[in-house]
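Taking it in order: structure first as C-alpha cells, then the write-up.
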Amino acid sequence: MLPLPVSLSSVRRDHLRRHSGGSRHYRSTRDILLTRARVTNLGFLLLAAFAAVSFLVNLAWYFSPQGDAYDGPYAHPRGIWATIERDRALEGVDHLIVVPGHAIWKGSTLEARFDEDQWVLEPYQRSGGRVAAFFKHILAAAELARQDEHSLLVFSGGQTRASSTTTEAESYMRLARVSDLLPPGAPAAVRATTEDYALDSYQNLLFSIARFHEYTGRYPARITVVGYEMKRRRFMELHRAALRWPEARFEYVGIDAEGDGDAHSGGSAQQGELQNGYLPYTEDSYGCHGPLLAKRRARNPFLRFHPYYSSAPELGALLNWCPDRSQGGQTAVFAGPLPWDVLL
C-alpha cells in the first residue's frame with residue numbers, strides 16, 4: 001500500500017487523540033481516499049486504471065490481424081501473406097535444386113531448343129555447344145527432381161537482357177515444360193518454380209534459398225546446384241562459404257559445354273571463369289563492390305528489385321550485407337544469425 005500523505009498523517013493523529021482510553025479507531029476507506037493531498041489516492045488509482053486500459057487497447061490493436069503491423073524490420077505485410085495458399089504437396093519438400101540461368105530462350109517449340117537464333121546470347125556464348133549445355137543443365141536438374149519427391153526445382157535468373165521481355169528463369173521453365181521435363185505432381189509444376197531476380201551466380205544461390213522459403217514456407221535442409229563444371233569452385237568454395245551453408249548439405253553437379261573440352265576454346269573458357277568469376281569473388285565475397293557491382297547494374301536494364309526482404313525476412317540482414325573496410329574488408333563473412341545455423 002502507498003504511504004499516506006503528510007496532511008493525512010496529522011489529521012489521523014488528531015483523530016486518535018480525540019478518542020478516550022487510547023483506543024484506535026480507523027476511518028473508512030472512502031474517507032481516506034477522499035482526504036485532501038497533493039495527489040489523492042483516488043486520483044492516483046484513476047490515472048493508473050486509465051494507463052492500464054490504454055496499454056491493453058494498444059496491445060490489442062498491435063496484434064490485430066486488421067492492422068498494418070509488421071513482425072520486424074524485414075517482414076511481409078499481412079495483407080499480402082493472406083493471399084498465399086500453398087499446395088499440400090509441398091509439406092515434405094526440403095531439397096532445393098537450383099539451375100542458374102545463363103541466357104534467355106525465345107522459342108516455343110521443342111525443335112527450337114538448340115537453335116541459337118531462338119536464344120538471346122552474348123557473343124562469346126555463340127558456337128562451342130553453349131546452348132546444348134544450357135539444355136543439359138535443365139535436363140539433369142529435372143531428372144534429379146523426378147528422383148526425389150521431396151525436392152523443389154528452381155530456375156534462377158532475372159530479366160538481364162534489354163532486348164528481351166522475359167527472364168532467364170521463365171525461359172528455362174518454359175523450355176522444361178515444352179520438353180515435358182518438369183517433375184510429376186498435381187498440378188504438374190507444383191515442384192518447379194522460377195526465381196526471377198538474380199543478376200549473378202551469388203544471387204542465383206542466395207535468392208533461390210529465399211524463393212524456396214517464399215514458395216514452401218520453410219528453408220531447405222540441403223541444396224544441389226546444376227551448372228557449368230568450370231564454376232564448381234566458385235559455388236563450392238566462395239558462394240556457399242559466404243552464406244555459411246554447411247558443406248555436408250551442399251552438392252554441385254557440373255556439366256560443361258562440349259567445346260570446353262578442346263585445348264583452345266576449353267582453355268579460353270576456363271581462363272575466362274578464373275579472371276571474370278572466381279578471382280573477383282575472392283576479393284569481393286558478396287559481389288557488391290567495383291566490377292561485380294557494375295555487372296549487376298548492367299544486367300538490370302529494367303530496374304527490377306527482389307521481394308525477399310518481405311517473403312524471407314530472416315535473411316534481411318544477409319541480403320543487406322556489403323562489408324567495407326570498417327567491417328573487416330570486402331571478404332568479411334556475415335556473422336549474424338541465419339536460419340540454417342541449426343543444420344551445422
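Just so we're on the same page: first chain in the C-alpha cells is A, next is B, and so on; residues restart at 1 for each chain, and ligands are numbered from 1 in the order they show up.
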
What's around Glu283 (chain A) at 10 Å? Count only C-alpha atoms, leave out sequence neighbours fewer than 4 positions away in its own chain, and write the answer as a PyMOL selection string.
chain A and resi 278-279+287+289+329-332

As a PDB file with N, CA, C and O atoms, in the first residue's frame, please: every residue in region 39-261 of chain A that DSSP puts in strand (DSSP E or B).
```pdb
ATOM      1  N   HIS A  95      14.487 -30.229 -50.164  1.00  0.00           N
ATOM      2  CA  HIS A  95      15.680 -30.279 -51.006  1.00  0.00           C
ATOM      3  C   HIS A  95      15.551 -29.246 -52.128  1.00  0.00           C
ATOM      4  O   HIS A  95      14.656 -29.346 -52.963  1.00  0.00           O
ATOM      5  N   LEU A  96      16.436 -28.270 -52.142  1.00  0.00           N
ATOM      6  CA  LEU A  96      16.443 -27.232 -53.167  1.00  0.00           C
ATOM      7  C   LEU A  96      17.397 -27.622 -54.295  1.00  0.00           C
ATOM      8  O   LEU A  96      18.592 -27.863 -54.055  1.00  0.00           O
ATOM      9  N   ILE A  97      16.871 -27.693 -55.520  1.00  0.00           N
ATOM     10  CA  ILE A  97      17.682 -27.946 -56.708  1.00  0.00           C
ATOM     11  C   ILE A  97      17.684 -26.668 -57.542  1.00  0.00           C
ATOM     12  O   ILE A  97      16.632 -26.211 -57.991  1.00  0.00           O
ATOM     13  N   VAL A  98      18.860 -26.085 -57.743  1.00  0.00           N
ATOM     14  CA  VAL A  98      18.981 -24.786 -58.412  1.00  0.00           C
ATOM     15  C   VAL A  98      19.614 -24.953 -59.790  1.00  0.00           C
ATOM     16  O   VAL A  98      20.639 -25.623 -59.938  1.00  0.00           O
ATOM     17  N   VAL A  99      19.010 -24.302 -60.790  1.00  0.00           N
ATOM     18  CA  VAL A  99      19.609 -24.202 -62.117  1.00  0.00           C
ATOM     19  C   VAL A  99      19.854 -22.723 -62.394  1.00  0.00           C
ATOM     20  O   VAL A  99      18.908 -21.971 -62.669  1.00  0.00           O
ATOM     21  N   PRO A 100      21.094 -22.253 -62.300  1.00  0.00           N
ATOM     22  CA  PRO A 100      21.375 -20.851 -62.624  1.00  0.00           C
ATOM     23  C   PRO A 100      21.200 -20.609 -64.126  1.00  0.00           C
ATOM     24  O   PRO A 100      21.677 -21.385 -64.953  1.00  0.00           O
ATOM     25  N   ILE A 104      18.549 -16.351 -72.350  1.00  0.00           N
ATOM     26  CA  ILE A 104      17.074 -16.330 -72.410  1.00  0.00           C
ATOM     27  C   ILE A 104      16.626 -17.014 -73.700  1.00  0.00           C
ATOM     28  O   ILE A 104      17.059 -16.642 -74.807  1.00  0.00           O
ATOM     29  N   TRP A 105      15.767 -18.013 -73.540  1.00  0.00           N
ATOM     30  CA  TRP A 105      15.232 -18.741 -74.685  1.00  0.00           C
ATOM     31  C   TRP A 105      13.971 -18.045 -75.191  1.00  0.00           C
ATOM     32  O   TRP A 105      13.038 -17.786 -74.418  1.00  0.00           O
ATOM     33  N   TRP A 119      17.669 -17.934 -79.046  1.00  0.00           N
ATOM     34  CA  TRP A 119      18.212 -17.573 -77.737  1.00  0.00           C
ATOM     35  C   TRP A 119      18.764 -16.148 -77.790  1.00  0.00           C
ATOM     36  O   TRP A 119      19.295 -15.717 -78.811  1.00  0.00           O
ATOM     37  N   VAL A 120      18.644 -15.442 -76.670  1.00  0.00           N
ATOM     38  CA  VAL A 120      19.306 -14.141 -76.516  1.00  0.00           C
ATOM     39  C   VAL A 120      20.658 -14.429 -75.877  1.00  0.00           C
ATOM     40  O   VAL A 120      20.741 -14.748 -74.688  1.00  0.00           O
ATOM     41  N   SER A 151      11.944 -32.737 -53.333  1.00  0.00           N
ATOM     42  CA  SER A 151      12.745 -31.649 -53.891  1.00  0.00           C
ATOM     43  C   SER A 151      11.874 -30.588 -54.550  1.00  0.00           C
ATOM     44  O   SER A 151      10.738 -30.848 -54.953  1.00  0.00           O
ATOM     45  N   LEU A 152      12.433 -29.391 -54.635  1.00  0.00           N
ATOM     46  CA  LEU A 152      11.832 -28.282 -55.383  1.00  0.00           C
ATOM     47  C   LEU A 152      12.862 -27.797 -56.390  1.00  0.00           C
ATOM     48  O   LEU A 152      13.977 -27.418 -56.025  1.00  0.00           O
ATOM     49  N   LEU A 153      12.491 -27.802 -57.663  1.00  0.00           N
ATOM     50  CA  LEU A 153      13.366 -27.357 -58.739  1.00  0.00           C
ATOM     51  C   LEU A 153      13.158 -25.862 -58.970  1.00  0.00           C
ATOM     52  O   LEU A 153      12.037 -25.425 -59.235  1.00  0.00           O
ATOM     53  N   VAL A 154      14.228 -25.088 -58.856  1.00  0.00           N
ATOM     54  CA  VAL A 154      14.154 -23.635 -59.009  1.00  0.00           C
ATOM     55  C   VAL A 154      15.074 -23.187 -60.139  1.00  0.00           C
ATOM     56  O   VAL A 154      16.293 -23.375 -60.071  1.00  0.00           O
ATOM     57  N   PHE A 155      14.492 -22.612 -61.178  1.00  0.00           N
ATOM     58  CA  PHE A 155      15.264 -21.977 -62.241  1.00  0.00           C
ATOM     59  C   PHE A 155      15.478 -20.521 -61.837  1.00  0.00           C
ATOM     60  O   PHE A 155      14.523 -19.809 -61.529  1.00  0.00           O
ATOM     61  N   SER A 156      16.727 -20.080 -61.845  1.00  0.00           N
ATOM     62  CA  SER A 156      17.049 -18.755 -61.306  1.00  0.00           C
ATOM     63  C   SER A 156      17.713 -17.867 -62.352  1.00  0.00           C
ATOM     64  O   SER A 156      18.662 -18.280 -63.030  1.00  0.00           O
ATOM     65  N   ALA A 192       8.210 -27.282 -59.225  1.00  0.00           N
ATOM     66  CA  ALA A 192       9.152 -26.495 -60.026  1.00  0.00           C
ATOM     67  C   ALA A 192       8.652 -25.059 -60.068  1.00  0.00           C
ATOM     68  O   ALA A 192       7.457 -24.813 -60.186  1.00  0.00           O
ATOM     69  N   THR A 193       9.586 -24.122 -59.961  1.00  0.00           N
ATOM     70  CA  THR A 193       9.205 -22.709 -59.974  1.00  0.00           C
ATOM     71  C   THR A 193      10.382 -21.875 -60.473  1.00  0.00           C
ATOM     72  O   THR A 193      11.440 -22.405 -60.789  1.00  0.00           O
ATOM     73  N   THR A 194      10.168 -20.578 -60.542  1.00  0.00           N
ATOM     74  CA  THR A 194      11.215 -19.675 -61.018  1.00  0.00           C
ATOM     75  C   THR A 194      11.619 -18.694 -59.931  1.00  0.00           C
ATOM     76  O   THR A 194      10.832 -18.351 -59.048  1.00  0.00           O
ATOM     77  N   GLU A 195      12.858 -18.258 -60.011  1.00  0.00           N
ATOM     78  CA  GLU A 195      13.380 -17.170 -59.189  1.00  0.00           C
ATOM     79  C   GLU A 195      13.830 -16.107 -60.188  1.00  0.00           C
ATOM     80  O   GLU A 195      14.811 -16.300 -60.895  1.00  0.00           O
ATOM     81  N   ARG A 222      18.884 -29.137 -47.608  1.00  0.00           N
ATOM     82  CA  ARG A 222      20.042 -29.418 -48.451  1.00  0.00           C
ATOM     83  C   ARG A 222      19.848 -28.776 -49.815  1.00  0.00           C
ATOM     84  O   ARG A 222      18.723 -28.487 -50.221  1.00  0.00           O
ATOM     85  N   ILE A 223      20.968 -28.556 -50.490  1.00  0.00           N
ATOM     86  CA  ILE A 223      20.948 -27.828 -51.764  1.00  0.00           C
ATOM     87  C   ILE A 223      21.799 -28.569 -52.791  1.00  0.00           C
ATOM     88  O   ILE A 223      22.890 -29.060 -52.471  1.00  0.00           O
ATOM     89  N   THR A 224      21.280 -28.634 -54.019  1.00  0.00           N
ATOM     90  CA  THR A 224      22.049 -29.116 -55.165  1.00  0.00           C
ATOM     91  C   THR A 224      21.995 -28.059 -56.253  1.00  0.00           C
ATOM     92  O   THR A 224      20.920 -27.578 -56.598  1.00  0.00           O
ATOM     93  N   VAL A 225      23.149 -27.680 -56.777  1.00  0.00           N
ATOM     94  CA  VAL A 225      23.237 -26.722 -57.876  1.00  0.00           C
ATOM     95  C   VAL A 225      23.695 -27.473 -59.121  1.00  0.00           C
ATOM     96  O   VAL A 225      24.646 -28.261 -59.061  1.00  0.00           O
ATOM     97  N   VAL A 226      23.006 -27.222 -60.239  1.00  0.00           N
ATOM     98  CA  VAL A 226      23.379 -27.840 -61.512  1.00  0.00           C
ATOM     99  C   VAL A 226      23.829 -26.728 -62.464  1.00  0.00           C
ATOM    100  O   VAL A 226      23.034 -25.839 -62.802  1.00  0.00           O
ATOM    101  N   GLY A 227      25.081 -26.761 -62.882  1.00  0.00           N
ATOM    102  CA  GLY A 227      25.608 -25.712 -63.757  1.00  0.00           C
ATOM    103  C   GLY A 227      26.886 -26.149 -64.435  1.00  0.00           C
ATOM    104  O   GLY A 227      27.183 -27.344 -64.538  1.00  0.00           O
ATOM    105  N   PHE A 250      25.552 -29.619 -49.191  1.00  0.00           N
ATOM    106  CA  PHE A 250      25.636 -28.898 -50.464  1.00  0.00           C
ATOM    107  C   PHE A 250      26.291 -29.784 -51.519  1.00  0.00           C
ATOM    108  O   PHE A 250      27.357 -30.365 -51.291  1.00  0.00           O
ATOM    109  N   GLU A 251      25.664 -29.895 -52.679  1.00  0.00           N
ATOM    110  CA  GLU A 251      26.220 -30.670 -53.794  1.00  0.00           C
ATOM    111  C   GLU A 251      26.223 -29.817 -55.056  1.00  0.00           C
ATOM    112  O   GLU A 251      25.384 -28.930 -55.213  1.00  0.00           O
ATOM    113  N   TYR A 252      27.164 -30.122 -55.921  1.00  0.00           N
ATOM    114  CA  TYR A 252      27.253 -29.413 -57.186  1.00  0.00           C
ATOM    115  C   TYR A 252      27.400 -30.433 -58.304  1.00  0.00           C
ATOM    116  O   TYR A 252      28.267 -31.315 -58.266  1.00  0.00           O
ATOM    117  N   VAL A 253      26.533 -30.315 -59.316  1.00  0.00           N
ATOM    118  CA  VAL A 253      26.585 -31.167 -60.492  1.00  0.00           C
ATOM    119  C   VAL A 253      27.093 -30.317 -61.644  1.00  0.00           C
ATOM    120  O   VAL A 253      26.421 -29.364 -62.062  1.00  0.00           O
ATOM    121  N   GLY A 254      28.277 -30.645 -62.165  1.00  0.00           N
ATOM    122  CA  GLY A 254      28.893 -29.828 -63.205  1.00  0.00           C
ATOM    123  C   GLY A 254      28.794 -30.452 -64.583  1.00  0.00           C
ATOM    124  O   GLY A 254      29.130 -31.620 -64.767  1.00  0.00           O
TER     125      GLY A 254
END
```

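CA of Ser179 (chain A) is found 14.3 Å from CA of Lys106 (chain A).
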
Could you tell me which of A:Met230, A:Val190, A:Ile80, A:Leu90 comes closest to Gln271 (chain A) if we count only C-alpha atoms?
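The shortest atom-to-atom distance to Gln271 (chain A) comes from A:Met230.
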
I'd like the neighbourhood of Arg304 (chain A) as a ChimeraX atom specification, where a residue qualifies if any of its atoms comes within 12 Å (using only C-alpha atoms), though same-chain residues fewer than 4 positions away should be ignored.
/A:158-160,167,196-199,296-300

Please produce a file of those selected residues containing N, CA, C and O atoms, as an mmCIF file, in the first residue's frame.
```
data_model
loop_
_atom_site.group_PDB
_atom_site.id
_atom_site.type_symbol
_atom_site.label_atom_id
_atom_site.label_comp_id
_atom_site.auth_asym_id
_atom_site.auth_seq_id
_atom_site.Cartn_x
_atom_site.Cartn_y
_atom_site.Cartn_z
ATOM 1 N N GLY A 158 17.309 -13.330 -63.696
ATOM 2 C CA GLY A 158 16.436 -12.178 -63.888
ATOM 3 C C GLY A 158 16.265 -11.763 -65.337
ATOM 4 O O GLY A 158 16.688 -12.457 -66.272
ATOM 5 N N GLN A 159 15.644 -10.601 -65.512
ATOM 6 C CA GLN A 159 15.421 -10.025 -66.843
ATOM 7 C C GLN A 159 16.674 -9.244 -67.214
ATOM 8 O O GLN A 159 16.713 -8.020 -67.176
ATOM 9 N N THR A 160 17.700 -9.982 -67.623
ATOM 10 C CA THR A 160 19.044 -9.429 -67.734
ATOM 11 C C THR A 160 19.367 -8.826 -69.094
ATOM 12 O O THR A 160 20.424 -8.184 -69.242
ATOM 13 N N THR A 167 12.386 -13.238 -68.328
ATOM 14 C CA THR A 167 13.556 -13.519 -67.508
ATOM 15 C C THR A 167 14.246 -14.802 -67.958
ATOM 16 O O THR A 167 13.649 -15.656 -68.632
ATOM 17 N N ASP A 196 13.119 -14.993 -60.262
ATOM 18 C CA ASP A 196 13.208 -14.080 -61.404
ATOM 19 C C ASP A 196 13.994 -12.793 -61.161
ATOM 20 O O ASP A 196 13.791 -11.819 -61.882
ATOM 21 N N TYR A 197 14.908 -12.788 -60.184
ATOM 22 C CA TYR A 197 15.585 -11.528 -59.857
ATOM 23 C C TYR A 197 17.104 -11.619 -59.790
ATOM 24 O O TYR A 197 17.764 -10.570 -59.767
ATOM 25 N N ALA A 198 17.678 -12.786 -59.779
ATOM 26 C CA ALA A 198 19.133 -12.915 -59.639
ATOM 27 C C ALA A 198 19.858 -12.308 -60.831
ATOM 28 O O ALA A 198 19.443 -12.469 -61.980
ATOM 29 N N LEU A 199 20.961 -11.622 -60.537
ATOM 30 C CA LEU A 199 21.761 -10.953 -61.570
ATOM 31 C C LEU A 199 23.165 -11.537 -61.703
ATOM 32 O O LEU A 199 23.917 -11.127 -62.586
ATOM 33 N N ARG A 296 26.160 -6.255 -62.068
ATOM 34 C CA ARG A 296 24.758 -6.318 -61.654
ATOM 35 C C ARG A 296 23.954 -5.171 -62.257
ATOM 36 O O ARG A 296 22.829 -5.374 -62.724
ATOM 37 N N ARG A 297 24.525 -4.006 -62.231
ATOM 38 C CA ARG A 297 23.824 -2.844 -62.788
ATOM 39 C C ARG A 297 23.609 -3.011 -64.294
ATOM 40 O O ARG A 297 22.533 -2.696 -64.815
ATOM 41 N N ALA A 298 24.610 -3.528 -64.983
ATOM 42 C CA ALA A 298 24.485 -3.727 -66.433
ATOM 43 C C ALA A 298 23.451 -4.792 -66.765
ATOM 44 O O ALA A 298 22.842 -4.757 -67.838
ATOM 45 N N ARG A 299 23.244 -5.727 -65.855
ATOM 46 C CA ARG A 299 22.289 -6.812 -66.081
ATOM 47 C C ARG A 299 20.890 -6.485 -65.566
ATOM 48 O O ARG A 299 20.038 -7.372 -65.505
ATOM 49 N N ASN A 300 20.678 -5.253 -65.191
ATOM 50 C CA ASN A 300 19.366 -4.858 -64.661
ATOM 51 C C ASN A 300 18.802 -3.675 -65.458
ATOM 52 O O ASN A 300 18.500 -2.620 -64.893
#
```

Under the rule that only C-alpha atoms are counted, which of A:Tyr286, A:Trp245, A:Tyr124, A:Phe305 is the nearest residue to Val342 (chain A)?
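Residue with the minimum atom-to-atom distance to Val342 (chain A): A:Trp245.
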
Do you have, as a Markdown table, the list of residues of region 195-284 of chain A lying at most 7 Å from region 307-318 of chain A, each with its nearest atom pair and that distance in Å to one decimal, counting only C-alpha atoms and ordered by chain then number?
```
| residue | atom | partner | partner_atom | distance |
| --- | --- | --- | --- | --- |
| A:Ala210 | CA | A:Ala312 | CA | 5.6 |
| A:His213 | CA | A:Ala312 | CA | 6.3 |
| A:Glu214 | CA | A:Ser311 | CA | 5.3 |
```

Which of A:Phe212, A:Trp321, A:Tyr228, A:Phe302 sits closest to Asp94 (chain A) [using only C-alpha atoms]
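Closest candidate: A:Phe212.
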
Please identify the alpha helix (DSSP H) residues within region 86-155 of chain A (assignment by DSSP from backbone atoms) and present them as JSON, numbers by chain.
{"A": [130, 131, 132, 133, 134, 135, 136, 137, 138, 139, 140, 141, 142, 143, 144, 145, 146, 147]}

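Taking CA of Leu274 (chain A) and CA of Lys136 (chain A) as the two end points, the separation is 22.6 Å.
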
When you draw a straight line from CA of Glu247 (chain A) to CA of Leu344 (chain A), how long is it in Å?
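Result for CA of Glu247 (chain A) versus CA of Leu344 (chain A): 9.2 Å, one decimal.
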
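Closest approach to Gly101 (chain A) among A:Thr83, A:Ser127, A:Gln203, A:Thr165: A:Gln203, based on only C-alpha atoms.
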
Using only C-alpha atoms, which of the listed residues (A:Ser163, A:Gln125, A:Thr109, A:Asn204) sits closest to Arg240 (chain A)?
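Of all the options, A:Asn204 lies closest to Arg240 (chain A).
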
Which residues, written as number ranges by chain, have at least one atom at most 10 Å from Glu111 (chain A), with only C-alpha atoms counted and residues fewer than 4 positions away on the same chain left out?
A: 107, 115, 178-179

Would you mind listing what lies within 10 Å of Glu149 (chain A) as a PyMOL selection string, with only C-alpha atoms counted and same-chain residues fewer than 4 positions away left out?
chain A and resi 89-90+92-95+144-145+183-185+191

Write the residues of the preceding selection, restricted to N, CA, C and O atoms, as a CSV table (one decimal), in the first residue's frame.
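Written file, again.csv:
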```csv
chain,number,residue,atom,x,y,z
A,89,ALA,N,1.2,-30.7,-51.3
A,89,ALA,CA,2.3,-31.5,-51.8
A,89,ALA,C,3.6,-30.9,-51.4
A,89,ALA,O,4.7,-31.6,-51.5
A,90,LEU,N,3.7,-29.7,-51.0
A,90,LEU,CA,5.0,-29.0,-50.6
A,90,LEU,C,5.3,-29.3,-49.2
A,90,LEU,O,6.4,-28.9,-48.8
A,92,GLY,N,6.3,-31.8,-47.5
A,92,GLY,CA,7.5,-32.6,-47.2
A,92,GLY,C,8.8,-32.2,-47.9
A,92,GLY,O,9.8,-32.8,-47.8
A,93,VAL,N,8.7,-31.1,-48.7
A,93,VAL,CA,9.8,-30.6,-49.5
A,93,VAL,C,10.9,-30.0,-48.7
A,93,VAL,O,10.6,-29.1,-47.9
A,94,ASP,N,12.1,-30.5,-48.8
A,94,ASP,CA,13.3,-29.9,-48.1
A,94,ASP,C,14.6,-29.9,-48.9
A,94,ASP,O,15.6,-29.5,-48.4
A,95,HIS,N,14.5,-30.2,-50.2
A,95,HIS,CA,15.7,-30.3,-51.0
A,95,HIS,C,15.6,-29.2,-52.1
A,95,HIS,O,14.7,-29.3,-53.0
A,144,LEU,N,17.0,-35.1,-61.5
A,144,LEU,CA,17.2,-35.1,-60.0
A,144,LEU,C,15.9,-34.9,-59.3
A,144,LEU,O,15.6,-35.6,-58.3
A,145,ALA,N,15.1,-33.9,-59.8
A,145,ALA,CA,13.8,-33.6,-59.1
A,145,ALA,C,12.8,-34.8,-59.3
A,145,ALA,O,12.1,-35.0,-58.4
A,183,PRO,N,9.0,-32.2,-63.0
A,183,PRO,CA,8.7,-33.3,-62.1
A,183,PRO,C,7.2,-33.5,-62.0
A,183,PRO,O,6.4,-32.5,-62.0
A,184,PRO,N,6.7,-34.7,-61.9
A,184,PRO,CA,5.3,-35.0,-61.8
A,184,PRO,C,4.7,-34.4,-60.5
A,184,PRO,O,5.3,-34.3,-59.5
A,185,GLY,N,3.4,-34.2,-60.6
A,185,GLY,CA,2.7,-33.6,-59.5
A,185,GLY,C,1.3,-33.2,-59.9
A,185,GLY,O,0.9,-33.3,-61.0
A,191,ARG,N,6.2,-28.8,-58.1
A,191,ARG,CA,7.6,-28.9,-57.6
A,191,ARG,C,8.6,-28.3,-58.5
A,191,ARG,O,9.8,-28.7,-58.5
```

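Candidate residues A:Leu181, A:Leu338, A:Ala112, A:Leu293 were compared for distance to Pro246 (chain A), and the nearest is A:Leu338, using only C-alpha atoms.
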